[in-house]
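Undergrad: Take a look at the following structure, please.
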Amino acid sequence: AEKEKETEEGGDSRGEGQGKAEANTNPIPCSIRIYHNIPTTTTTATATMMLWRKEGWRLGAAVGRALLPNQGQGWKKTSAALCSVVRGAASYAASYSTSSSSACHETFGLTEMQVEFREVARSFALNELAPHSAKWDETKHFPVDTLKQAAELGFGGIYCQEEYGGTGLGREDAAVIFEALAYGDISFTAYLTIHNMNCFVLDTFGTQQQKEKYLQRMTCMELLSSYCLTEPNSGSDAASLETSAVKQEDGSYVLNGAKAFISGAGTSDVYIVMARTDPGADKAKGITCFVVEKDQEGVSFGKPEKKLGWNSQPTCVVSFDDVVVP
């Protein structure tokens, strides 16, 4: 009644439709409105888009941290709340799209959640990767800080358990995210896929002690990782690898060998190493996976490879000379 009276007296100059739209909209939190200088009369959809254009992926990361006080945990339980922010921005942007058929083609067959994950990854790629990609390649800069920013969005352990800081999504979800990120920088994204694979290996096959020591710090990318399979004489043919791991009386193993073309080598903190533990077994068998730390005695790195592109991730030989692994 007071609203109608105010309108009749000319105190509210807004149209009837606009007033109804605002009345039916959940307001953006007051603190966010004040910080970003958003008028209180702005509808949620418009305000969300303003935030999205201004902050891009950072908005998602900020909301994610606010919803997840324990870093990396409970993603699925709060993803709906995070995605509601993304959904508002995406729907508002869609109303101004000049190529709806193209948008439909790009997201055809994706679930609603996958479309939203794609929007977050795409925004990150456009704002944080694409503007720097050429410079990173030219200067051979490995963007570690940007990798950690990607981890804030849950991209450090996409298909790992939430218990260890993972996002708890599937491989198809990961493919959607990686494709969107690759639009901004393929070299950056390639390393991120390798790191995710390492997290998956530990999450699936690692011991409880290894998970507690490494995995939680890997999913947030506090620790970076490399995957060591390819060798100078065997390519990525696991059946022909020559790196050996000999078991000692105390239960430890001694590693000897070399791995070639290892992405992140020299910078990564953790190395997932494939080595032959049973030389008498069939070539495709008798192979064990070891976790080796960068600073362990006997670990060394060759000179950086000369590459045509993909220079924003370091690549070189990793050598293991009598490296003791407990």
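Order determines the names: the first chain of the structure tokens is A, the second B, and so forth; residues in each chain are numbered 1 upward, and ligands are numbered 1 upward as they are shown.
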Going by DSSP on the backbone, which residues of range 217-266 of chain A come out as strand (DSSP E or B)? List them as a list in words.
TA: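 Listing strand (DSSP E or B) positions across range 217-266 of chain A yields Ser225, Ser226, Tyr227, Cys228, Glu231, Gly235, Ser244, Ala245, Val246, Lys247, Tyr253, Val254, Leu255, Asn256, Gly257, Ala258, Lys259, Ala260, Phe261, Ile262 and Ser263 of chain A.
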Undergrad: Convert the current residue selection to file output with N, CA and C atoms, as an mmCIF file, in the first residue's frame.
TA:
```cif
data_model
loop_
_atom_site.group_PDB
_atom_site.id
_atom_site.type_symbol
_atom_site.label_atom_id
_atom_site.label_comp_id
_atom_site.auth_asym_id
_atom_site.auth_seq_id
_atom_site.Cartn_x
_atom_site.Cartn_y
_atom_site.Cartn_z
ATOM 1 N N SER A 225 53.448 -30.390 -10.113
ATOM 2 C CA SER A 225 53.892 -31.759 -10.372
ATOM 3 C C SER A 225 54.182 -32.015 -11.846
ATOM 4 N N SER A 226 55.002 -33.035 -12.093
ATOM 5 C CA SER A 226 55.330 -33.471 -13.455
ATOM 6 C C SER A 226 55.161 -34.983 -13.552
ATOM 7 N N TYR A 227 54.856 -35.448 -14.761
ATOM 8 C CA TYR A 227 54.642 -36.874 -15.017
ATOM 9 C C TYR A 227 55.831 -37.397 -15.814
ATOM 10 N N CYS A 228 56.522 -38.399 -15.280
ATOM 11 C CA CYS A 228 57.759 -38.893 -15.884
ATOM 12 C C CYS A 228 57.583 -40.306 -16.433
ATOM 13 N N GLU A 231 61.135 -41.578 -22.161
ATOM 14 C CA GLU A 231 62.583 -41.692 -21.978
ATOM 15 C C GLU A 231 63.311 -41.429 -23.299
ATOM 16 N N GLY A 235 60.488 -43.225 -25.987
ATOM 17 C CA GLY A 235 59.307 -42.411 -26.243
ATOM 18 C C GLY A 235 58.316 -42.563 -25.105
ATOM 19 N N SER A 244 65.135 -47.979 -13.813
ATOM 20 C CA SER A 244 64.988 -49.111 -12.887
ATOM 21 C C SER A 244 64.781 -48.648 -11.453
ATOM 22 N N ALA A 245 64.134 -49.505 -10.678
ATOM 23 C CA ALA A 245 63.938 -49.268 -9.250
ATOM 24 C C ALA A 245 64.202 -50.585 -8.536
ATOM 25 N N VAL A 246 65.280 -50.625 -7.780
ATOM 26 C CA VAL A 246 65.698 -51.861 -7.114
ATOM 27 C C VAL A 246 65.364 -51.781 -5.630
ATOM 28 N N LYS A 247 64.643 -52.796 -5.163
ATOM 29 C CA LYS A 247 64.217 -52.800 -3.763
ATOM 30 C C LYS A 247 65.379 -53.158 -2.848
ATOM 31 N N TYR A 253 63.476 -48.159 -2.246
ATOM 32 C CA TYR A 253 63.877 -48.456 -3.616
ATOM 33 C C TYR A 253 64.941 -47.457 -4.055
ATOM 34 N N VAL A 254 65.836 -47.906 -4.919
ATOM 35 C CA VAL A 254 66.846 -47.024 -5.492
ATOM 36 C C VAL A 254 66.575 -46.888 -6.980
ATOM 37 N N LEU A 255 66.337 -45.638 -7.415
ATOM 38 C CA LEU A 255 65.988 -45.356 -8.813
ATOM 39 C C LEU A 255 67.210 -44.908 -9.605
ATOM 40 N N ASN A 256 67.308 -45.439 -10.834
ATOM 41 C CA ASN A 256 68.340 -45.004 -11.769
ATOM 42 C C ASN A 256 67.748 -44.942 -13.170
ATOM 43 N N GLY A 257 68.040 -43.855 -13.871
ATOM 44 C CA GLY A 257 67.526 -43.694 -15.226
ATOM 45 C C GLY A 257 67.304 -42.239 -15.568
ATOM 46 N N ALA A 258 66.693 -42.008 -16.721
ATOM 47 C CA ALA A 258 66.430 -40.637 -17.170
ATOM 48 C C ALA A 258 65.096 -40.576 -17.890
ATOM 49 N N LYS A 259 64.393 -39.456 -17.731
ATOM 50 C CA LYS A 259 63.122 -39.207 -18.411
ATOM 51 C C LYS A 259 63.275 -37.977 -19.292
ATOM 52 N N ALA A 260 62.676 -38.019 -20.469
ATOM 53 C CA ALA A 260 62.871 -36.938 -21.443
ATOM 54 C C ALA A 260 61.586 -36.170 -21.726
ATOM 55 N N PHE A 261 61.763 -34.917 -22.170
ATOM 56 C CA PHE A 261 60.646 -34.045 -22.566
ATOM 57 C C PHE A 261 59.598 -33.918 -21.451
ATOM 58 N N ILE A 262 60.065 -33.687 -20.229
ATOM 59 C CA ILE A 262 59.154 -33.637 -19.080
ATOM 60 C C ILE A 262 58.662 -32.198 -18.859
ATOM 61 N N SER A 263 57.375 -32.006 -18.995
ATOM 62 C CA SER A 263 56.763 -30.685 -18.811
ATOM 63 C C SER A 263 56.831 -30.263 -17.347
#
```
Undergrad: List as an MDAnalysis selection string the protein and nucleic acid residues near Leu202 in chain A, meaning an atom at most 9 Å away when only C-alpha atoms are counted, but skip any in the same chain fewer than 2 places from it.
TA: chainID A and resid 197:200 204:207 210:211 214:215 272 291
Undergrad: Output N, CA, C and O atoms for every residue in the selection just made, as a PDB file, in the first residue's frame.
TA:
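Output file again15.pdb is given in full below:
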```pdb
ATOM      1  N   MET A 197      46.254 -35.046 -14.033  1.00  0.00           N
ATOM      2  CA  MET A 197      46.481 -36.480 -14.148  1.00  0.00           C
ATOM      3  C   MET A 197      47.298 -37.000 -12.965  1.00  0.00           C
ATOM      4  O   MET A 197      47.002 -38.062 -12.399  1.00  0.00           O
ATOM      5  N   ASN A 198      48.319 -36.254 -12.569  1.00  0.00           N
ATOM      6  CA  ASN A 198      49.133 -36.659 -11.425  1.00  0.00           C
ATOM      7  C   ASN A 198      48.314 -36.712 -10.144  1.00  0.00           C
ATOM      8  O   ASN A 198      48.462 -37.624  -9.325  1.00  0.00           O
ATOM      9  N   CYS A 199      47.443 -35.719  -9.979  1.00  0.00           N
ATOM     10  CA  CYS A 199      46.566 -35.710  -8.801  1.00  0.00           C
ATOM     11  C   CYS A 199      45.665 -36.937  -8.809  1.00  0.00           C
ATOM     12  O   CYS A 199      45.439 -37.569  -7.763  1.00  0.00           O
ATOM     13  N   PHE A 200      45.147 -37.280  -9.986  1.00  0.00           N
ATOM     14  CA  PHE A 200      44.280 -38.452 -10.115  1.00  0.00           C
ATOM     15  C   PHE A 200      45.035 -39.732  -9.763  1.00  0.00           C
ATOM     16  O   PHE A 200      44.497 -40.616  -9.079  1.00  0.00           O
ATOM     17  N   THR A 204      43.850 -42.037  -6.704  1.00  0.00           N
ATOM     18  CA  THR A 204      43.324 -43.365  -6.999  1.00  0.00           C
ATOM     19  C   THR A 204      44.208 -44.493  -6.488  1.00  0.00           C
ATOM     20  O   THR A 204      43.707 -45.496  -5.965  1.00  0.00           O
ATOM     21  N   PHE A 205      45.527 -44.317  -6.623  1.00  0.00           N
ATOM     22  CA  PHE A 205      46.435 -45.423  -6.313  1.00  0.00           C
ATOM     23  C   PHE A 205      47.408 -45.139  -5.176  1.00  0.00           C
ATOM     24  O   PHE A 205      48.121 -46.057  -4.741  1.00  0.00           O
ATOM     25  N   GLY A 206      47.473 -43.897  -4.708  1.00  0.00           N
ATOM     26  CA  GLY A 206      48.432 -43.558  -3.664  1.00  0.00           C
ATOM     27  C   GLY A 206      48.058 -44.104  -2.305  1.00  0.00           C
ATOM     28  O   GLY A 206      46.892 -44.441  -2.039  1.00  0.00           O
ATOM     29  N   THR A 207      49.052 -44.210  -1.438  1.00  0.00           N
ATOM     30  CA  THR A 207      48.807 -44.640  -0.063  1.00  0.00           C
ATOM     31  C   THR A 207      48.180 -43.492   0.719  1.00  0.00           C
ATOM     32  O   THR A 207      48.219 -42.331   0.285  1.00  0.00           O
ATOM     33  N   GLN A 210      50.772 -40.875   1.416  1.00  0.00           N
ATOM     34  CA  GLN A 210      51.101 -40.035   0.256  1.00  0.00           C
ATOM     35  C   GLN A 210      50.015 -38.997   0.002  1.00  0.00           C
ATOM     36  O   GLN A 210      50.315 -37.845  -0.322  1.00  0.00           O
ATOM     37  N   LYS A 211      48.768 -39.400   0.145  1.00  0.00           N
ATOM     38  CA  LYS A 211      47.669 -38.454  -0.069  1.00  0.00           C
ATOM     39  C   LYS A 211      47.720 -37.312   0.934  1.00  0.00           C
ATOM     40  O   LYS A 211      47.530 -36.142   0.586  1.00  0.00           O
ATOM     41  N   TYR A 214      50.991 -35.106   0.096  1.00  0.00           N
ATOM     42  CA  TYR A 214      51.113 -34.396  -1.171  1.00  0.00           C
ATOM     43  C   TYR A 214      49.795 -33.885  -1.769  1.00  0.00           C
ATOM     44  O   TYR A 214      49.736 -32.752  -2.263  1.00  0.00           O
ATOM     45  N   LEU A 215      48.761 -34.725  -1.759  1.00  0.00           N
ATOM     46  CA  LEU A 215      47.592 -34.449  -2.590  1.00  0.00           C
ATOM     47  C   LEU A 215      46.866 -33.154  -2.231  1.00  0.00           C
ATOM     48  O   LEU A 215      46.495 -32.379  -3.127  1.00  0.00           O
ATOM     49  N   ILE A 272      55.971 -37.755 -10.630  1.00  0.00           N
ATOM     50  CA  ILE A 272      55.358 -39.078 -10.657  1.00  0.00           C
ATOM     51  C   ILE A 272      56.158 -39.894 -11.670  1.00  0.00           C
ATOM     52  O   ILE A 272      56.087 -39.642 -12.879  1.00  0.00           O
ATOM     53  N   VAL A 291      56.710 -41.666  -6.233  1.00  0.00           N
ATOM     54  CA  VAL A 291      56.623 -40.226  -5.999  1.00  0.00           C
ATOM     55  C   VAL A 291      58.003 -39.743  -5.563  1.00  0.00           C
ATOM     56  O   VAL A 291      58.527 -40.190  -4.546  1.00  0.00           O
TER      57      VAL A 291
END
```
Undergrad: Can I get the residues of range 236-309 of chain A within 12 Å of range 144-155 of chain A, each with the closest pair of atoms and their distance in Å to one decimal, using only C-alpha atoms, sorted chain first then ascending number, as a tab-separated table?
TA:
```
residue	atom	partner	partner_atom	distance
A:Gly264	CA	A:Val144	CA	10.2
A:Thr267	CA	A:Val144	CA	9.3
A:Ser268	CA	A:Val144	CA	9.8
A:Asp269	CA	A:Val144	CA	11.9
```
Undergrad: Using only C-alpha atoms, which residues sit within 8 Å of Ala239 in chain A once same-chain residues fewer than 4 positions away are excluded, as a PyMOL selection string?
TA: chain A and resi 283-285
Undergrad: Write out, as a CSV table (one decimal), in the first residue's frame, the residues just selected, with C-alpha atoms.
TA:
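The resulting file, selection_24.csv, is reproduced below:
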```
chain,number,residue,atom,x,y,z
A,283,LYS,CA,57.8,-55.8,-20.8
A,284,ALA,CA,54.3,-54.4,-20.2
A,285,LYS,CA,54.4,-55.6,-16.6
```
Undergrad: State, in Å with one decimal place, the distance from CA of Val273 in chain A to CA of Cys289 in chain A.
TA: 5.5 Å
Undergrad: Set the distance at 9 Å and use only C-alpha atoms: which residues neighbour Val299 in chain A once local chain neighbours fewer than 5 positions away are removed? I'd like the list as a list in words.
TA: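 That gives Val292, Glu293, Lys294, Val318, Ser319, Phe320, Asp321, Asp322 and Val323 of chain A.
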Undergrad: Find the residue from A:Ala130, A:Cys220, A:Ala121, A:Val176 that sits nearest to Glu162 in chain A; use only C-alpha atoms when measuring.
TA: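 That would be A:Cys220, the residue with the smallest distance to Glu162 in chain A.
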Undergrad: With only C-alpha atoms as the basis for distance, which of A:Thr277, A:Thr139, A:Thr219, A:Thr243 is at the shortest distance from Gly168 in chain A?
TA: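 With only C-alpha atoms as the atom set, the closest residue is A:Thr219.
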Undergrad: Hey, what does DSSP flag as alpha helix (DSSP H) within range 177-227 of chain A? Can you give it to me as a PyMOL selection string?
TA: chain A and resi 177-182+186-205+208-210+216-219
Undergrad: Show me, as a PDB file with N, CA and C atoms, in the first residue's frame, the residues that have an atom within 12 Å of Pro143 in chain A when counting only C-alpha atoms, minus same-chain residues fewer than 5 positions from it.
TA:
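Saved result, around_23.pdb, follows:
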```pdb
ATOM      1  N   GLU A 128      42.622 -13.881 -18.258  1.00  0.00           N
ATOM      2  CA  GLU A 128      43.875 -14.151 -17.564  1.00  0.00           C
ATOM      3  C   GLU A 128      44.914 -14.889 -18.404  1.00  0.00           C
ATOM      4  N   LEU A 129      44.506 -15.489 -19.521  1.00  0.00           N
ATOM      5  CA  LEU A 129      45.451 -16.246 -20.341  1.00  0.00           C
ATOM      6  C   LEU A 129      45.744 -15.557 -21.677  1.00  0.00           C
ATOM      7  N   HIS A 132      48.121 -12.562 -22.195  1.00  0.00           N
ATOM      8  CA  HIS A 132      49.522 -12.742 -21.825  1.00  0.00           C
ATOM      9  C   HIS A 132      50.209 -13.872 -22.589  1.00  0.00           C
ATOM     10  N   SER A 133      49.459 -14.646 -23.334  1.00  0.00           N
ATOM     11  CA  SER A 133      49.980 -15.860 -23.961  1.00  0.00           C
ATOM     12  C   SER A 133      51.213 -15.609 -24.826  1.00  0.00           C
ATOM     13  N   LYS A 135      53.334 -13.097 -24.838  1.00  0.00           N
ATOM     14  CA  LYS A 135      54.461 -12.611 -24.044  1.00  0.00           C
ATOM     15  C   LYS A 135      55.093 -13.741 -23.252  1.00  0.00           C
ATOM     16  N   TRP A 136      54.276 -14.599 -22.677  1.00  0.00           N
ATOM     17  CA  TRP A 136      54.789 -15.743 -21.932  1.00  0.00           C
ATOM     18  C   TRP A 136      55.654 -16.617 -22.833  1.00  0.00           C
ATOM     19  N   ASP A 137      55.180 -16.842 -24.055  1.00  0.00           N
ATOM     20  CA  ASP A 137      55.922 -17.703 -24.969  1.00  0.00           C
ATOM     21  C   ASP A 137      57.238 -17.044 -25.384  1.00  0.00           C
ATOM     22  N   LYS A 148      48.022 -21.054  -9.977  1.00  0.00           N
ATOM     23  CA  LYS A 148      47.424 -21.073  -8.635  1.00  0.00           C
ATOM     24  C   LYS A 148      46.070 -20.367  -8.637  1.00  0.00           C
ATOM     25  N   GLN A 149      45.930 -19.340  -9.474  1.00  0.00           N
ATOM     26  CA  GLN A 149      44.634 -18.674  -9.594  1.00  0.00           C
ATOM     27  C   GLN A 149      43.605 -19.627 -10.205  1.00  0.00           C
ATOM     28  N   ALA A 150      44.044 -20.429 -11.159  1.00  0.00           N
ATOM     29  CA  ALA A 150      43.153 -21.428 -11.765  1.00  0.00           C
ATOM     30  C   ALA A 150      42.727 -22.450 -10.715  1.00  0.00           C
ATOM     31  N   ASP A 185      45.278 -20.240 -23.841  1.00  0.00           N
ATOM     32  CA  ASP A 185      46.692 -20.613 -23.921  1.00  0.00           C
ATOM     33  C   ASP A 185      46.805 -22.131 -23.867  1.00  0.00           C
ATOM     34  N   SER A 187      49.524 -24.053 -24.128  1.00  0.00           N
ATOM     35  CA  SER A 187      50.671 -24.518 -23.359  1.00  0.00           C
ATOM     36  C   SER A 187      50.333 -24.554 -21.861  1.00  0.00           C
ATOM     37  N   PHE A 188      49.712 -23.495 -21.395  1.00  0.00           N
ATOM     38  CA  PHE A 188      49.266 -23.413 -19.993  1.00  0.00           C
ATOM     39  C   PHE A 188      48.318 -24.557 -19.684  1.00  0.00           C
ATOM     40  N   THR A 189      47.350 -24.757 -20.571  1.00  0.00           N
ATOM     41  CA  THR A 189      46.325 -25.775 -20.347  1.00  0.00           C
ATOM     42  C   THR A 189      46.909 -27.178 -20.388  1.00  0.00           C
ATOM     43  N   TYR A 191      49.883 -28.145 -19.495  1.00  0.00           N
ATOM     44  CA  TYR A 191      50.520 -28.439 -18.199  1.00  0.00           C
ATOM     45  C   TYR A 191      49.467 -28.718 -17.132  1.00  0.00           C
ATOM     46  N   LEU A 192      48.385 -27.962 -17.159  1.00  0.00           N
ATOM     47  CA  LEU A 192      47.331 -28.148 -16.172  1.00  0.00           C
ATOM     48  C   LEU A 192      46.710 -29.539 -16.283  1.00  0.00           C
ATOM     49  N   LEU A 224      53.520 -28.051  -7.379  1.00  0.00           N
ATOM     50  CA  LEU A 224      53.350 -28.353  -8.798  1.00  0.00           C
ATOM     51  C   LEU A 224      53.934 -29.733  -9.067  1.00  0.00           C
ATOM     52  N   GLY A 264      57.294 -29.062 -17.119  1.00  0.00           N
ATOM     53  CA  GLY A 264      57.407 -28.534 -15.767  1.00  0.00           C
ATOM     54  C   GLY A 264      58.690 -28.917 -15.068  1.00  0.00           C
ATOM     55  N   THR A 267      61.007 -26.991 -12.295  1.00  0.00           N
ATOM     56  CA  THR A 267      60.168 -26.090 -11.497  1.00  0.00           C
ATOM     57  C   THR A 267      59.211 -26.880 -10.610  1.00  0.00           C
ATOM     58  N   ASN A 311      56.465 -22.509 -25.133  1.00  0.00           N
ATOM     59  CA  ASN A 311      57.607 -22.106 -24.312  1.00  0.00           C
ATOM     60  C   ASN A 311      57.219 -21.605 -22.928  1.00  0.00           C
ATOM     61  N   SER A 312      55.933 -21.494 -22.650  1.00  0.00           N
ATOM     62  CA  SER A 312      55.512 -21.018 -21.334  1.00  0.00           C
ATOM     63  C   SER A 312      55.470 -22.144 -20.303  1.00  0.00           C
ATOM     64  N   GLN A 313      55.907 -23.334 -20.694  1.00  0.00           N
ATOM     65  CA  GLN A 313      56.121 -24.394 -19.714  1.00  0.00           C
ATOM     66  C   GLN A 313      57.520 -24.956 -19.926  1.00  0.00           C
ATOM     67  N   PRO A 314      58.334 -25.035 -18.870  1.00  0.00           N
ATOM     68  CA  PRO A 314      59.698 -25.561 -19.015  1.00  0.00           C
ATOM     69  C   PRO A 314      59.669 -27.048 -19.355  1.00  0.00           C
TER      70      PRO A 314
END
```
